[in-house]
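Containing compact mmCIF, C-alpha atoms: query12.txt.
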# COMPACT_ATOMS: atom_id res chain seq x y z
CA MET A 1 0.00 0.00 0.00
CA LYS A 2 2.86 2.34 0.88
CA LYS A 3 4.34 1.80 -2.56
CA ILE A 4 1.03 2.60 -4.22
CA LEU A 5 0.68 5.81 -2.22
CA THR A 6 4.25 6.75 -3.05
CA LEU A 7 3.57 6.10 -6.74
CA LEU A 8 0.38 8.20 -6.69
CA PHE A 9 2.19 11.01 -4.87
CA GLY A 10 5.01 10.82 -7.40
CA LEU A 11 2.60 10.99 -10.33
CA THR A 12 0.77 13.96 -8.81
CA LEU A 13 4.03 15.78 -8.16
CA GLY A 14 5.29 14.99 -11.64
CA ALA A 15 2.11 16.32 -13.21
CA SER A 16 2.15 19.55 -11.26
CA ILE A 17 5.83 20.35 -11.23
CA PHE A 18 6.08 21.44 -14.87
CA ALA A 19 3.94 24.46 -14.35
CA GLN A 20 3.59 27.96 -15.56
CA ILE A 21 0.16 27.61 -14.09
CA ASP A 22 -0.35 27.59 -10.33
CA PRO A 23 0.45 23.98 -9.38
CA ALA A 24 -1.88 24.14 -6.37
CA THR A 25 -4.98 25.36 -8.20
CA GLY A 26 -4.30 24.63 -11.88
CA GLN A 27 -5.16 28.24 -12.63
CA GLY A 28 -3.13 30.68 -14.68
CA THR A 29 -3.41 29.36 -18.23
CA ILE A 30 -2.86 32.22 -20.68
CA HIS A 31 -5.42 32.65 -23.48
CA ILE A 32 -4.54 34.79 -26.50
CA TRP A 33 -7.34 35.95 -28.75
CA ASN A 34 -6.76 37.75 -32.04
CA THR A 35 -10.30 39.01 -32.57
CA ASP A 36 -11.02 40.51 -35.96
CA ASP A 37 -13.22 43.37 -34.79
CA TYR A 38 -11.07 46.25 -35.97
CA HIS A 39 -8.85 44.55 -38.51
CA SER A 40 -7.98 41.22 -40.14
CA LEU A 41 -4.29 41.03 -39.34
CA ASN A 42 -2.09 38.15 -38.28
CA LEU A 43 -0.79 38.24 -34.72
CA ASN A 44 2.92 37.46 -34.42
CA PHE A 45 3.95 37.11 -30.80
CA THR A 46 6.38 35.80 -28.22
CA LEU A 47 5.58 35.00 -24.61
CA PHE A 48 7.57 35.92 -21.52
CA THR A 49 7.49 34.27 -18.10
CA VAL A 50 8.40 35.62 -14.68
CA ASN A 51 8.91 34.42 -11.15
CA PRO A 52 6.36 36.70 -9.45
CA THR A 53 7.76 36.03 -5.98
CA THR A 54 11.23 37.32 -6.76
CA CYS A 55 10.24 39.41 -9.81
CA SER A 56 13.11 37.80 -11.71
CA PRO A 57 12.44 37.38 -15.43
CA SER A 58 12.47 33.80 -16.61
CA PHE A 59 12.15 32.85 -20.27
CA GLN A 60 11.18 34.26 -23.64
CA SER A 61 9.60 31.93 -26.16
CA LEU A 62 11.34 31.48 -29.50
CA GLY A 63 8.13 31.23 -31.45
CA PRO A 64 5.46 30.29 -32.21
CA SER A 65 6.62 30.36 -35.82
CA ILE A 66 2.99 30.19 -36.96
CA PRO A 67 1.17 33.51 -36.45
CA LEU A 68 -2.29 33.54 -34.90
CA PRO A 69 -4.72 34.34 -37.76
CA PRO A 70 -7.52 36.89 -37.38
CA GLY A 71 -10.43 35.55 -35.33
CA GLN A 72 -8.38 32.76 -33.74
CA LEU A 73 -7.90 31.98 -30.07
CA THR A 74 -5.23 29.83 -28.46
CA LYS A 75 -3.98 29.02 -24.99
CA TYR A 76 -0.81 27.93 -23.22
CA SER A 77 -0.66 26.15 -19.86
CA LYS A 78 2.81 24.64 -19.52
CA TYR A 79 6.06 24.68 -21.48
CA THR A 80 5.75 20.96 -22.01
CA ASP A 81 2.25 20.98 -23.50
CA SER A 82 2.97 23.94 -25.79
CA ASP A 83 5.34 22.37 -28.29
CA THR A 84 5.10 20.51 -31.59
CA ALA A 85 5.49 17.13 -29.90
CA ALA A 86 2.45 17.87 -27.73
CA GLY A 87 0.47 18.79 -30.87
CA HIS A 88 -0.07 22.44 -29.98
CA PRO A 89 -1.55 24.24 -33.02
CA TYR A 90 0.75 27.25 -32.47
CA PRO A 91 3.76 25.44 -31.02
CA ILE A 92 6.62 26.90 -29.03
CA ASP A 93 9.59 24.54 -29.29
CA SER A 94 12.35 26.63 -27.70
CA TRP A 95 12.80 29.00 -24.78
CA TYR A 96 15.55 31.53 -24.21
CA ASP A 97 17.14 32.98 -21.09
CA GLY A 98 20.60 33.57 -22.48
CA SER A 99 20.74 29.92 -23.48
CA ILE A 100 18.22 28.04 -25.61
CA TYR A 101 16.21 25.22 -24.06
CA SER A 102 13.68 22.75 -25.35
CA PRO A 103 10.57 22.67 -23.09
CA SER A 104 11.53 19.37 -21.49
CA ALA A 105 15.12 20.48 -20.87
CA ILE A 106 14.16 23.24 -18.45
CA PRO A 107 14.81 21.92 -14.94
CA PRO A 108 11.59 21.41 -12.94
CA SER A 109 13.11 23.26 -10.01
CA VAL A 110 13.45 26.32 -12.28
CA VAL A 111 10.00 25.95 -13.79
CA TYR A 112 8.00 25.43 -10.63
CA ASP A 113 7.65 29.09 -9.61
CA GLN A 114 7.32 30.54 -13.09
CA ARG A 115 4.16 32.12 -14.42
CA TRP A 116 3.06 33.59 -17.75
CA ALA A 117 3.91 37.28 -17.64
CA TYR A 118 3.30 39.10 -20.90
CA VAL A 119 2.91 38.99 -24.68
CA LYS A 120 5.17 40.93 -27.05
CA PHE A 121 3.41 41.27 -30.37
CA GLU A 122 3.30 42.61 -33.91
CA LEU A 123 0.22 42.69 -36.12
CA ARG A 124 0.99 42.04 -39.79
CA GLU A 125 -0.96 41.69 -43.02
CA PRO A 126 -1.57 38.01 -43.91
CA SER A 127 -0.90 38.81 -47.57
CA ASN A 128 2.36 40.59 -46.79
CA PRO A 129 3.71 38.88 -43.65
CA GLY A 130 7.29 40.10 -44.07
CA GLN A 131 6.30 43.74 -43.86
CA TYR A 132 6.48 45.36 -40.40
CA ILE A 133 3.62 47.82 -39.87
CA PRO A 134 4.86 50.78 -37.79
CA GLY A 135 2.61 51.49 -34.82
CA MET A 136 1.03 48.04 -34.74
CA SER A 137 3.19 46.40 -32.09
CA GLY A 138 3.93 46.44 -28.37
CA SER A 139 3.78 44.44 -25.15
CA VAL A 140 0.88 43.79 -22.81
CA GLY A 141 0.37 41.52 -19.84
CA PHE A 142 0.36 40.79 -16.14
CA TYR A 143 2.49 41.28 -12.99
CA GLN A 144 2.90 45.01 -13.70
CA SER A 145 4.81 45.57 -10.47
CA CYS A 146 7.49 43.17 -11.73
CA THR A 147 7.54 43.75 -15.45
CA GLY A 148 6.32 47.32 -15.88
CA ILE A 149 4.34 46.09 -18.90
CA PRO A 150 0.85 47.66 -19.13
CA ASN A 151 -2.38 45.66 -19.07
CA TYR A 152 -3.91 47.85 -21.80
CA LEU A 153 -2.55 49.24 -25.03
CA ALA A 154 -4.10 50.98 -28.05
CA GLY A 155 -2.50 52.22 -31.22
CA SER A 156 -2.77 52.79 -34.93
CA SER A 157 -0.56 52.37 -37.94
CA THR A 158 1.27 55.25 -39.50
CA GLY A 159 -1.21 56.84 -41.88
CA GLY A 160 -4.13 55.43 -39.91
CA THR A 161 -4.85 52.40 -42.10
CA TYR A 162 -5.18 50.10 -39.08
CA SER A 163 -5.87 50.47 -35.38
CA PHE A 164 -5.85 48.09 -32.45
CA GLU A 165 -6.73 47.78 -28.78
CA VAL A 166 -5.46 45.04 -26.51
CA LYS A 167 -6.42 44.32 -22.93
CA ALA A 168 -5.30 41.77 -20.34
CA TYR A 169 -7.90 40.36 -17.94
CA VAL A 170 -7.97 37.77 -15.18
CA ILE A 171 -11.10 35.61 -15.55
CA GLY A 172 -11.75 32.63 -13.29
CA GLY A 173 -8.07 32.53 -12.36
CA ASP A 174 -6.89 32.37 -15.99
CA LEU A 175 -5.13 35.10 -17.95
CA TRP A 176 -6.84 36.45 -21.05
CA VAL A 177 -5.22 38.77 -23.58
CA GLU A 178 -7.70 40.05 -26.13
CA PHE A 179 -6.63 41.86 -29.29
CA HIS A 180 -9.25 43.98 -31.03
CA MET B 1 -4.94 -6.55 0.11
CA LYS B 2 -5.09 -7.56 -3.55
CA THR B 3 -8.89 -7.57 -3.47
CA LYS B 4 -8.98 -4.09 -1.95
CA LEU B 5 -6.54 -2.85 -4.54
CA PHE B 6 -8.61 -4.39 -7.32
CA TYR B 7 -11.77 -2.62 -6.09
CA ALA B 8 -9.88 0.67 -5.68
CA ILE B 9 -8.67 0.51 -9.29
CA LEU B 10 -12.14 -0.50 -10.48
CA LEU B 11 -13.74 2.42 -8.62
CA ALA B 12 -11.17 4.90 -9.90
CA GLY B 13 -11.67 3.63 -13.45
CA THR B 14 -15.44 3.88 -13.18
CA ILE B 15 -15.34 7.44 -11.85
CA SER B 16 -12.78 8.48 -14.42
CA CYS B 17 -14.71 6.99 -17.34
CA SER B 18 -18.08 8.35 -16.22
CA THR B 19 -16.60 11.84 -15.82
CA GLU B 20 -14.94 11.60 -19.20
CA SER B 21 -18.10 10.75 -21.06
CA SER B 22 -20.23 13.29 -19.22
CA THR B 23 -17.88 16.25 -19.65
CA ILE B 24 -16.73 15.98 -23.20
CA ASN B 25 -17.92 14.59 -26.48
CA PRO B 26 -14.92 12.40 -27.23
CA LEU B 27 -15.24 12.76 -31.00
CA SER B 28 -15.93 16.45 -31.38
CA THR B 29 -13.42 18.64 -33.23
CA THR B 30 -15.56 21.76 -33.15
CA LYS B 31 -16.55 24.09 -30.35
CA SER B 32 -19.95 23.42 -28.83
CA GLU B 33 -22.57 26.14 -28.59
CA GLU B 34 -21.86 26.52 -24.86
CA VAL B 35 -18.14 27.03 -25.49
CA GLN B 36 -18.85 29.57 -28.21
CA ASN B 37 -21.32 31.47 -26.04
CA PHE B 38 -18.83 31.60 -23.17
CA GLU B 39 -16.22 33.05 -25.54
CA LYS B 40 -18.74 35.55 -26.89
CA SER B 41 -19.59 36.74 -23.40
CA ILE B 42 -15.88 37.26 -22.65
CA LYS B 43 -15.53 39.21 -25.88
CA SER B 44 -18.54 41.32 -24.92
CA LEU B 45 -16.58 42.77 -21.98
CA PHE B 46 -14.91 44.96 -24.59
CA ARG B 47 -18.20 46.61 -25.58
CA PRO B 48 -18.51 50.24 -24.44
CA GLU B 49 -21.60 49.49 -22.32
CA ASN B 50 -19.67 46.76 -20.47
CA ALA B 51 -16.48 48.76 -19.98
CA GLU B 52 -15.21 49.54 -16.49
CA THR B 53 -16.85 52.55 -14.89
CA PRO B 54 -14.63 55.18 -13.19
CA GLU B 55 -15.89 53.85 -9.82
CA GLU B 56 -14.88 50.28 -10.78
CA MET B 57 -11.46 51.49 -11.91
CA ARG B 58 -11.01 53.12 -8.51
CA THR B 59 -12.17 50.16 -6.42
CA HIS B 60 -10.74 47.18 -8.32
CA LYS B 61 -7.28 46.03 -9.28
CA PRO B 62 -6.64 46.84 -12.96
CA MET B 63 -7.13 43.35 -14.37
CA GLU B 64 -9.77 42.06 -11.98
CA LEU B 65 -13.37 42.12 -13.12
CA SER B 66 -15.89 43.99 -11.00
CA ASP B 67 -18.89 42.13 -9.64
CA ARG B 68 -21.05 43.70 -12.36
CA ARG B 69 -18.71 42.56 -15.13
CA LYS B 70 -18.41 39.07 -13.67
CA GLY B 71 -22.20 39.01 -13.77
CA ILE B 72 -22.10 39.46 -17.55
CA LEU B 73 -20.24 36.15 -17.85
CA ILE B 74 -22.28 34.14 -15.34
CA PRO B 75 -25.23 32.94 -17.54
CA SER B 76 -22.92 31.49 -20.20
CA ALA B 77 -20.55 30.14 -17.52
CA ILE B 78 -23.42 28.23 -15.85
CA GLU B 79 -24.57 26.84 -19.20
CA LEU B 80 -21.01 25.73 -19.93
CA ILE B 81 -20.71 23.93 -16.58
CA LYS B 82 -24.12 22.32 -17.13
CA SER B 83 -22.94 21.07 -20.52
CA SER B 84 -20.37 18.97 -18.64
CA GLY B 85 -23.20 17.01 -17.05
CA VAL B 86 -23.54 18.95 -13.80
CA LYS B 87 -27.02 19.95 -12.61
CA GLU B 88 -27.73 23.60 -11.80
CA LYS B 89 -28.73 22.59 -8.27
CA GLU B 90 -25.27 21.15 -7.72
CA ILE B 91 -23.64 24.30 -9.09
CA ASN B 92 -25.65 26.37 -6.61
CA GLU B 93 -24.76 24.06 -3.72
CA VAL B 94 -21.05 24.06 -4.50
CA THR B 95 -20.62 27.74 -5.31
CA GLN B 96 -23.35 29.30 -3.14
CA GLY B 97 -23.75 31.82 -5.96
CA ASP B 98 -20.16 33.05 -5.59
CA LYS B 99 -19.39 34.48 -9.04
CA GLU B 100 -15.65 33.90 -8.80
CA LYS B 101 -16.19 30.23 -7.95
CA ILE B 102 -18.60 29.83 -10.88
CA LEU B 103 -16.12 31.46 -13.28
CA THR B 104 -13.23 29.34 -11.97
CA TRP B 105 -15.28 26.18 -12.48
CA ALA B 106 -16.40 27.28 -15.95
CA MET B 107 -12.81 28.06 -16.93
CA LYS B 108 -11.74 24.53 -15.97
CA VAL B 109 -14.55 23.05 -18.07
CA TYR B 110 -13.64 25.39 -20.94
CA ASN B 111 -9.95 24.40 -20.84
CA ALA B 112 -10.80 20.69 -20.72
CA LYS B 113 -13.12 21.01 -23.71
CA ILE B 114 -10.56 22.96 -25.78
CA ASP B 115 -7.86 20.40 -24.90
CA GLN B 116 -10.16 17.60 -26.03
CA ILE B 117 -10.94 19.37 -29.31
CA ASN B 118 -7.21 19.85 -29.97
CA GLU B 119 -6.58 16.21 -29.10
CA ASN B 120 -9.35 15.03 -31.44
CA SER B 121 -8.06 17.28 -34.24
CA LYS B 122 -4.63 15.67 -33.91
CA LEU B 123 -6.12 12.20 -34.34
CA ARG B 124 -7.87 13.05 -37.59
Is it possible to express this structure as structure tokens?
Amino acid sequence: MKKILTLLFGLTLGASIFAQIDPATGQGTIHIWNTDDYHSLNLNFTLFTVNPTTCSPSFQSLGPSIPLPPGQLTKYSKYTDSDTAAGHPYPIDSWYDGSIYSPSAIPPSVVYDQRWAYVKFELREPSNPGQYIPGMSGSVGFYQSCTGIPNYLAGSSTGGTYSFEVKAYVIGGDLWVEFH
Amino acid sequence: MKTKLFYAILLAGTISCSTESSTINPLSTTKSEEVQNFEKSIKSLFRPENAETPEEMRTHKPMELSDRRKGILIPSAIELIKSSGVKEKEINEVTQGDKEKILTWAMKVYNAKIDQINENSKLR
């Protein structure tokens, strides 16, 4: 019986230790929504994580290489369920903190206290994805006291062709970033 | 000991399987109406009439929803939880009408349903 309990405890610990969500509650998944209310642009983004207890920055995602199309919504819970191997539709296969890591190569002891912090983004035309649109980029997110990144941002492209608004919310313990 | 273990595994399997079938359509690769309505209600927070009032900005942390704005999400959140096989009476008993608890529960159902859709899409 002791062995069974040890095994169950081990499985529980193993499941919760790779977390950018709160391992105690399972909350803190980040949802990113490129609504097409104001425009029909692709959302190119990278994600940043932070240790909110110490305010030390953690990792920046190298990817996803696939932009989020207009009207699409995606979410990320853990490094390890966000990559190609896990079948994520907008996969992040590498993380950077001065060195490059695959999701499974990040030590659990490092990962345990990390949380999703903010999104750095650029909105680009699907028909001309290589072309940067001045004014249609920025960063928005959570843990303002650590990161200094705002939870709301609005802007427009030079010449006023496009405009955007983006807001970060906490809903039911999860993080939502909505682009309009 | 072996008999007890056998029954424990059997019970765990039964609970797991019954929860699985009641929460998620195992074959679906599209969002259900309840999921879509929950998303729509979240999107509606951006509408001018649902925006934060100056009083709410003063009394709430910047990213936290006021009680009024949580209320906008509650009907679709309850429908989403019910779509997982839970009765409204049980929702009321567990949450006691606490909006944050309802939204937390709904978010867990939402995440599980999206994960299942992604999983099903992979298999096709």
Interface list for chain B, partner chain A, 8 Å threshold, only C-alpha atoms, as a PDB file with C-alpha atoms, in the frame of the given file:
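The resulting file, out.pdb, is shown below:
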ATOM      1  CA  LYS B  43     -15.530  39.210 -25.880  1.00  0.00           C
ATOM      2  CA  PRO B  62      -6.640  46.840 -12.960  1.00  0.00           C
ATOM      3  CA  MET B  63      -7.130  43.350 -14.370  1.00  0.00           C
ATOM      4  CA  GLU B  64      -9.770  42.060 -11.980  1.00  0.00           C
ATOM      5  CA  LEU B  65     -13.370  42.120 -13.120  1.00  0.00           C
ATOM      6  CA  GLU B 100     -15.650  33.900  -8.800  1.00  0.00           C
ATOM      7  CA  LYS B 101     -16.190  30.230  -7.950  1.00  0.00           C
ATOM      8  CA  ILE B 102     -18.600  29.830 -10.880  1.00  0.00           C
ATOM      9  CA  LEU B 103     -16.120  31.460 -13.280  1.00  0.00           C
ATOM     10  CA  THR B 104     -13.230  29.340 -11.970  1.00  0.00           C
ATOM     11  CA  TRP B 105     -15.280  26.180 -12.480  1.00  0.00           C
ATOM     12  CA  ALA B 106     -16.400  27.280 -15.950  1.00  0.00           C
ATOM     13  CA  MET B 107     -12.810  28.060 -16.930  1.00  0.00           C
ATOM     14  CA  ASN B 118      -7.210  19.850 -29.970  1.00  0.00           C
ATOM     15  CA  GLU B 119      -6.580  16.210 -29.100  1.00  0.00           C
ATOM     16  CA  LYS B 122      -4.630  15.670 -33.910  1.00  0.00           C
TER      17      LYS B 122
END
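Atom CA of Ala117 of chain A to atom CA of Lys31 of chain B spans 27.5 Å [interatomic distance, one decimal].
The interatomic distance for the pair atom CA of Glu56 of chain B and atom CA of Ile72 of chain B works out to 14.7 Å.
Coordinates place atom CA of Ala24 of chain A at a distance of 15.2 Å from atom CA of Pro108 of chain A.
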_With all atoms listed in the file as the counted atoms, please give the residues lying no more than 10 Å from Asn42 of chain A, apart from itself and same-chain residues fewer than 6 positions off, as a list in words._
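My reading of the contact set: Asn34, Asp36, Ile66, Pro67, Leu68, Pro69, Pro70, Gly71, Gln72, Glu122, Leu123, Arg124, Glu125, Pro126, Ser127, Asn128 and Pro129 of chain A.
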